[in-house]
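A.B. asks: Provided below: entry.tsv, containing TSV, C-alpha atoms.
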chain	number	residue	atom	x	y	z
A	1	MET	CA	73.57	111.41	115.88
A	2	PHE	CA	73.81	107.75	114.93
A	3	LEU	CA	77.12	108.06	113.05
A	4	GLN	CA	78.84	110.46	115.45
A	5	PRO	CA	80.61	107.81	117.62
A	6	LEU	CA	82.05	106.17	114.50
A	7	TRP	CA	83.20	109.48	113.05
A	8	THR	CA	84.68	110.59	116.39
A	9	ALA	CA	86.66	107.35	116.56
A	10	LEU	CA	87.95	107.92	113.03
A	11	LEU	CA	88.95	111.48	113.89
A	12	HIS	CA	91.33	110.10	116.50
A	13	HIS	CA	93.30	108.85	113.47
A	14	SER	CA	93.08	112.10	111.53
A	15	PRO	CA	96.82	112.11	110.62
A	16	VAL	CA	96.24	108.79	108.86
A	17	LEU	CA	93.07	110.00	107.12
A	18	SER	CA	94.86	113.15	105.98
A	19	SER	CA	97.92	111.31	104.69
A	20	PRO	CA	98.54	111.22	100.92
A	21	LEU	CA	99.17	107.48	101.33
A	22	PHE	CA	95.72	106.81	102.80
A	23	PRO	CA	93.67	106.73	99.55
A	24	LEU	CA	96.07	104.23	97.98
A	25	PHE	CA	96.21	102.00	101.06
A	26	PHE	CA	92.46	102.27	101.61
A	27	SER	CA	91.43	101.37	98.06
A	28	LEU	CA	93.87	98.47	97.77
A	29	SER	CA	93.12	97.00	101.19
A	30	VAL	CA	89.34	97.25	100.76
A	31	TYR	CA	89.57	95.78	97.26
A	32	LEU	CA	91.70	92.81	98.34
A	33	ALA	CA	89.58	92.22	101.45
A	34	PHE	CA	86.48	91.92	99.25
A	35	CYS	CA	88.29	89.66	96.77
A	36	LEU	CA	89.52	87.17	99.38
A	37	PRO	CA	86.19	85.44	100.17
A	38	PHE	CA	85.55	84.87	96.47
A	39	LEU	CA	89.07	83.55	95.98
A	40	LEU	CA	88.35	81.09	98.78
A	41	LEU	CA	85.18	80.03	96.94
A	42	ASP	CA	87.27	79.52	93.79
A	43	LEU	CA	89.53	77.22	95.77
A	44	LEU	CA	86.61	75.30	97.30
A	45	SER	CA	84.70	75.02	94.03
A	46	THR	CA	87.29	72.62	92.64
A	47	ARG	CA	86.45	70.19	95.47
A	48	TRP	CA	82.84	70.86	96.49
A	49	ALA	CA	79.91	70.52	94.10
A	50	LEU	CA	77.83	72.57	96.57
A	51	VAL	CA	80.02	75.62	95.84
A	52	ARG	CA	80.38	74.87	92.13
A	53	ARG	CA	76.60	74.91	91.66
A	54	TYR	CA	76.64	78.67	92.24
A	55	LYS	CA	79.34	79.36	89.65
A	56	LEU	CA	78.05	81.24	86.63
A	57	GLN	CA	80.46	79.30	84.42
A	58	PRO	CA	80.88	75.94	86.22
A	59	GLN	CA	83.31	74.61	83.64
A	60	SER	CA	85.78	77.40	84.33
A	61	SER	CA	88.45	77.51	87.02
A	62	VAL	CA	90.83	80.15	88.32
A	63	SER	CA	94.52	79.33	88.08
A	64	TRP	CA	97.09	80.84	90.42
A	65	SER	CA	99.00	82.19	87.43
A	66	SER	CA	95.94	84.13	86.16
A	67	ALA	CA	95.22	85.40	89.67
A	68	TRP	CA	98.81	86.59	90.01
A	69	THR	CA	98.66	88.24	86.57
A	70	CYS	CA	95.56	90.17	87.59
A	71	LEU	CA	96.99	91.17	90.96
A	72	THR	CA	100.28	92.32	89.41
A	73	LEU	CA	98.52	94.62	86.93
A	74	THR	CA	96.32	96.04	89.69
A	75	LEU	CA	99.33	96.87	91.87
A	76	TYR	CA	101.20	98.32	88.89
A	77	ASN	CA	98.32	100.64	87.93
A	78	HIS	CA	97.88	101.82	91.51
A	79	LEU	CA	101.55	102.51	92.14
A	80	VAL	CA	102.53	103.96	88.75
A	81	PHE	CA	99.41	105.89	87.78
A	82	ILE	CA	96.97	106.32	90.66
A	83	PHE	CA	99.45	107.17	93.42
A	84	PRO	CA	101.04	110.19	91.62
A	85	LEU	CA	97.58	111.58	90.91
A	86	THR	CA	96.62	111.03	94.53
A	87	LEU	CA	99.66	113.04	95.61
A	88	LEU	CA	98.71	115.84	93.22
A	89	HIS	CA	95.13	115.88	94.51
A	90	TRP	CA	96.37	115.91	98.13
A	91	TYR	CA	98.63	118.87	97.34
A	92	LEU	CA	95.97	120.89	95.49
A	93	ARG	CA	93.06	120.05	97.81
A	94	PRO	CA	94.07	119.54	101.44
A	95	VAL	CA	91.87	117.16	103.39
A	96	HIS	CA	89.25	118.83	105.61
A	97	LEU	CA	87.75	116.71	108.40
A	98	PRO	CA	84.72	118.36	110.05
A	99	ALA	CA	83.92	117.59	113.66
A	100	GLN	CA	80.30	116.59	113.03
A	101	ALA	CA	79.22	113.38	111.33
A	102	PRO	CA	76.51	113.46	108.63
A	103	PRO	CA	72.97	112.26	109.42
A	104	LEU	CA	72.50	108.63	108.40
A	105	PRO	CA	69.60	109.32	105.97
A	106	ARG	CA	71.69	111.94	104.17
A	107	LEU	CA	74.68	109.59	103.95
A	108	LEU	CA	72.56	106.78	102.49
A	109	ALA	CA	70.83	109.07	100.00
A	110	GLN	CA	74.10	110.60	98.80
A	111	VAL	CA	75.78	107.21	98.45
A	112	LEU	CA	72.86	106.12	96.26
A	113	VAL	CA	73.13	109.27	94.13
A	114	CYS	CA	76.89	108.71	93.72
A	115	LEU	CA	76.21	105.13	92.63
A	116	LEU	CA	73.59	106.23	90.10
A	117	LEU	CA	75.95	108.86	88.68
A	118	PHE	CA	78.80	106.36	88.47
A	119	ASP	CA	76.51	103.83	86.82
A	120	PHE	CA	75.54	106.35	84.10
A	121	GLN	CA	79.13	107.49	83.55
A	122	SER	CA	80.40	103.92	83.33
A	123	PHE	CA	77.59	102.91	80.99
A	124	THR	CA	78.40	105.79	78.63
A	125	TRP	CA	82.15	105.10	78.75
A	126	HIS	CA	81.62	101.37	78.32
A	127	LEU	CA	79.20	101.70	75.41
A	128	LEU	CA	81.52	104.12	73.63
A	129	HIS	CA	84.54	101.85	74.06
A	130	HIS	CA	82.63	98.93	72.56
A	131	ARG	CA	81.01	100.82	69.69
A	132	VAL	CA	84.23	102.54	68.54
A	133	PRO	CA	86.62	99.76	67.41
A	134	TRP	CA	89.75	101.89	67.89
A	135	LEU	CA	88.85	102.62	71.51
A	136	TYR	CA	88.07	98.97	72.20
A	137	ARG	CA	91.24	97.72	70.56
A	138	HIS	CA	93.59	100.17	72.29
A	139	PHE	CA	91.97	100.60	75.70
A	140	HIS	CA	89.16	98.25	76.71
A	141	LYS	CA	90.25	94.96	75.13
A	142	VAL	CA	92.58	94.25	78.06
A	143	HIS	CA	89.62	93.90	80.42
A	144	HIS	CA	88.04	91.32	78.11
A	145	THR	CA	91.09	89.07	78.21
A	146	PHE	CA	89.07	86.82	80.51
A	147	THR	CA	85.66	85.62	79.28
A	148	SER	CA	85.17	83.89	82.63
A	149	THR	CA	85.03	86.47	85.39
A	150	SER	CA	86.57	86.10	88.85
A	151	ALA	CA	87.12	88.58	91.66
A	152	LEU	CA	90.62	89.66	90.70
A	153	THR	CA	89.58	90.35	87.09
A	154	THR	CA	87.64	93.33	88.46
A	155	GLU	CA	90.63	95.65	88.09
A	156	TYR	CA	92.37	93.82	85.27
A	157	SER	CA	92.43	96.76	82.88
A	158	GLY	CA	94.80	99.18	81.23
A	159	ALA	CA	95.88	102.51	82.66
A	160	TRP	CA	93.35	104.56	80.68
A	161	GLU	CA	90.39	102.49	81.86
A	162	THR	CA	91.64	102.42	85.45
A	163	LEU	CA	92.13	106.19	85.51
A	164	SER	CA	88.84	106.95	83.73
A	165	LEU	CA	86.67	104.90	86.06
A	166	GLY	CA	88.72	106.05	89.04
A	167	PHE	CA	88.11	109.66	87.99
A	168	PHE	CA	84.35	109.08	87.84
A	169	ALA	CA	84.34	107.48	91.28
A	170	ALA	CA	86.46	110.23	92.83
A	171	SER	CA	84.71	113.18	91.19
A	172	ASN	CA	81.10	112.34	92.11
A	173	PRO	CA	81.53	112.92	95.88
A	174	LEU	CA	83.28	116.21	95.03
A	175	LEU	CA	80.44	117.27	92.74
A	176	LEU	CA	77.89	116.59	95.47
A	177	GLY	CA	80.05	118.11	98.23
A	178	VAL	CA	79.51	115.13	100.52
A	179	HIS	CA	80.95	114.56	103.99
A	180	PRO	CA	84.28	112.62	104.10
A	181	LEU	CA	82.49	109.74	105.87
A	182	THR	CA	79.95	109.60	103.04
A	183	GLU	CA	82.81	109.58	100.56
A	184	LEU	CA	84.44	106.64	102.34
A	185	ALA	CA	81.10	104.80	102.48
A	186	PHE	CA	80.58	105.32	98.74
A	187	PHE	CA	84.06	104.01	97.95
A	188	VAL	CA	83.49	100.89	100.08
A	189	VAL	CA	80.10	100.17	98.49
A	190	ASN	CA	81.37	100.90	94.97
A	191	ILE	CA	84.38	98.63	95.37
A	192	TYR	CA	82.27	95.81	96.79
A	193	LEU	CA	79.66	96.02	94.03
A	194	SER	CA	82.39	96.05	91.40
A	195	VAL	CA	84.04	92.97	92.90
A	196	GLU	CA	80.68	91.22	93.23
A	197	ASP	CA	79.98	92.02	89.57
A	198	HIS	CA	83.09	90.09	88.56
A	199	CYS	CA	83.09	87.39	91.24
A	200	GLY	CA	81.72	84.68	88.93
A	201	TYR	CA	79.08	83.47	91.42
A	202	ASP	CA	75.33	83.94	91.69
A	203	LEU	CA	75.00	83.47	95.44
A	204	PRO	CA	71.73	83.36	97.41
A	205	TRP	CA	72.59	86.66	99.13
A	206	ALA	CA	73.78	88.42	95.95
A	207	THR	CA	72.83	92.09	95.69
A	208	HIS	CA	70.65	91.64	92.62
A	209	ARG	CA	68.41	89.31	94.65
A	210	LEU	CA	67.82	92.07	97.21
A	211	VAL	CA	66.70	94.70	94.67
A	212	PRO	CA	63.21	94.04	93.26
A	213	PHE	CA	61.83	94.21	89.71
A	214	GLY	CA	65.13	93.39	88.01
A	215	LEU	CA	66.40	96.94	88.56
A	216	TYR	CA	69.85	95.70	89.50
A	217	GLY	CA	71.88	93.32	87.35
A	218	GLY	CA	74.72	92.06	89.53
A	219	ALA	CA	77.19	89.29	88.74
A	220	ARG	CA	74.87	87.41	86.38
A	221	HIS	CA	74.28	90.59	84.38
A	222	HIS	CA	77.99	91.36	84.02
A	223	ASN	CA	79.00	87.76	83.40
A	224	LEU	CA	76.71	87.78	80.35
A	225	HIS	CA	78.51	90.91	79.12
A	226	HIS	CA	81.83	89.05	79.14
A	227	LEU	CA	80.20	86.23	77.19
A	228	LYS	CA	78.17	88.51	74.88
A	229	PRO	CA	80.07	91.82	74.69
A	230	ARG	CA	77.32	93.62	72.74
A	231	TYR	CA	75.04	93.64	75.79
A	232	ASN	CA	74.87	94.76	79.42
A	233	TYR	CA	77.16	97.78	79.49
A	234	ALA	CA	75.98	99.29	82.77
A	235	PRO	CA	77.97	98.03	85.77
A	236	TYR	CA	75.15	97.85	88.31
A	237	PHE	CA	71.62	98.94	87.42
A	238	THR	CA	69.69	97.82	84.35
A	239	HIS	CA	67.69	100.91	83.36
A	240	TRP	CA	70.24	102.33	80.89
A	241	ASP	CA	70.68	99.01	79.10
A	242	ARG	CA	66.90	98.63	79.01
A	243	LEU	CA	66.49	102.12	77.58
A	244	PHE	CA	69.17	101.66	74.89
A	245	GLY	CA	68.09	98.13	73.95
A	246	THR	CA	71.32	96.53	75.14
A	247	LEU	CA	69.89	94.55	78.03
A	248	HIS	CA	70.34	90.79	77.83
A	249	THR	CA	69.15	88.33	80.44
A	250	GLN	CA	69.65	84.61	80.80
A	251	ASP	CA	66.18	84.08	79.36
A	252	GLY	CA	66.20	86.86	76.79
Show me this structure written as structure tokens.
C.D. replies:
Amino acid sequence: MFLQPLWTALLHHSPVLSSPLFPLFFSLSVYLAFCLPFLLLDLLSTRWALVRRYKLQPQSSVSWSSAWTCLTLTLYNHLVFIFPLTLLHWYLRPVHLPAQAPPLPRLLAQVLVCLLLFDFQSFTWHLLHHRVPWLYRHFHKVHHTFTSTSALTTEYSGAWETLSLGFFAASNPLLLGVHPLTELAFFVVNIYLSVEDHCGYDLPWATHRLVPFGLYGGARHHNLHHLKPRYNYAPYFTHWDRLFGTLHTQDG
């Protein structure tokens, strides 16, 4: 099996994978690792026009104070809210690590299904929190503090939003009963796509350029949402916004 050597190597660190600290460390380290290249681009864009040409809002810049504000809130939400729930989940549902790895086609298919489920759940949550003023004012407004997106604004949100979206992401692999390796793969892909959504750059290798027929929105799609909050509620794909008449493109 193609994935068996990788899974066997990971099983040598099973005490780490089974630790209640692992989900917190994993999510934070993966998130920050994906943010770092875009933070480097933010630094270079102030000096190089070649980098600045790919910025979705070229007139904007990322200050160290705003970056620190975003990072502080992210760490606070993870330590104060996510970590206790992770401990509870670890206590109620002990980690089971099977000896066999999943087949690669099954892993890829299940990651895609998890992404599609998360996209629908996030779209519904997002639309509701924009259409109901009380929900927007008390819960979602924090995320719209920045009209110019950057990588660290990805998780700049209040506790309710962080826990809600985190619940969607964590529950979908459980609903599908996927292999732990598939679950890890989904988390990595989901975190990357979320960071890319907020990165503030439309790069030549951006995900939306790899998916044909405008089925995937990407950073340009989500950047327009922060500029025009009545549009583009889905985080990744465009079919729900298209169906509900909330899709907005640069040309539309």
A.B. asks: Given all atoms listed in the file as the basis, pick out the residue of A:Ser157, A:Asn172, A:Thr74, A:Thr147 nearest to Tyr31 (chain A).
C.D. replies: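 Of A:Ser157, A:Asn172, A:Thr74, A:Thr147, the one nearest Tyr31 (chain A) is A:Thr74, counting all atoms listed in the file.
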A.B. asks: Using only C-alpha atoms for the distances, tell me which of A:Pro212, A:Leu127, A:Ser148, A:Thr162 is nearest to Gly245 (chain A).
C.D. replies: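 Closest candidate: A:Leu127.
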A.B. asks: Which is closest to Gly217 (chain A) among A:His129, A:Leu175, A:Ala9, A:Asp119, if we use all atoms listed in the file?
C.D. replies: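 Of A:His129, A:Leu175, A:Ala9, A:Asp119, the one nearest Gly217 (chain A), counting all atoms listed in the file, is A:Asp119.
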A.B. asks: To one decimal place in Å, what is the distance between CA of Val142 (chain A) and CA of Phe123 (chain A)?
C.D. replies: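 Atom-to-atom, CA of Val142 (chain A) to CA of Phe123 (chain A), that is 17.6 Å.
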A.B. asks: By how many Å are CA of Val111 (chain A) and CA of Ala99 (chain A) apart?
C.D. replies: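 Between CA of Val111 (chain A) and CA of Ala99 (chain A) the gap is 20.1 Å.
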A.B. asks: Would you compute, for all listed atoms of region 209-228 of chain A, the axis-aligned bounding box grown by 5 Å on each side, and then report its centre and edge lengths in Å rounded to one decimal, as AutoDock Vina command-line options?
C.D. replies:
--center_x 71.8 --center_y 91.6 --center_z 86.0 --size_x 30.0 --size_y 20.7 --size_z 32.3
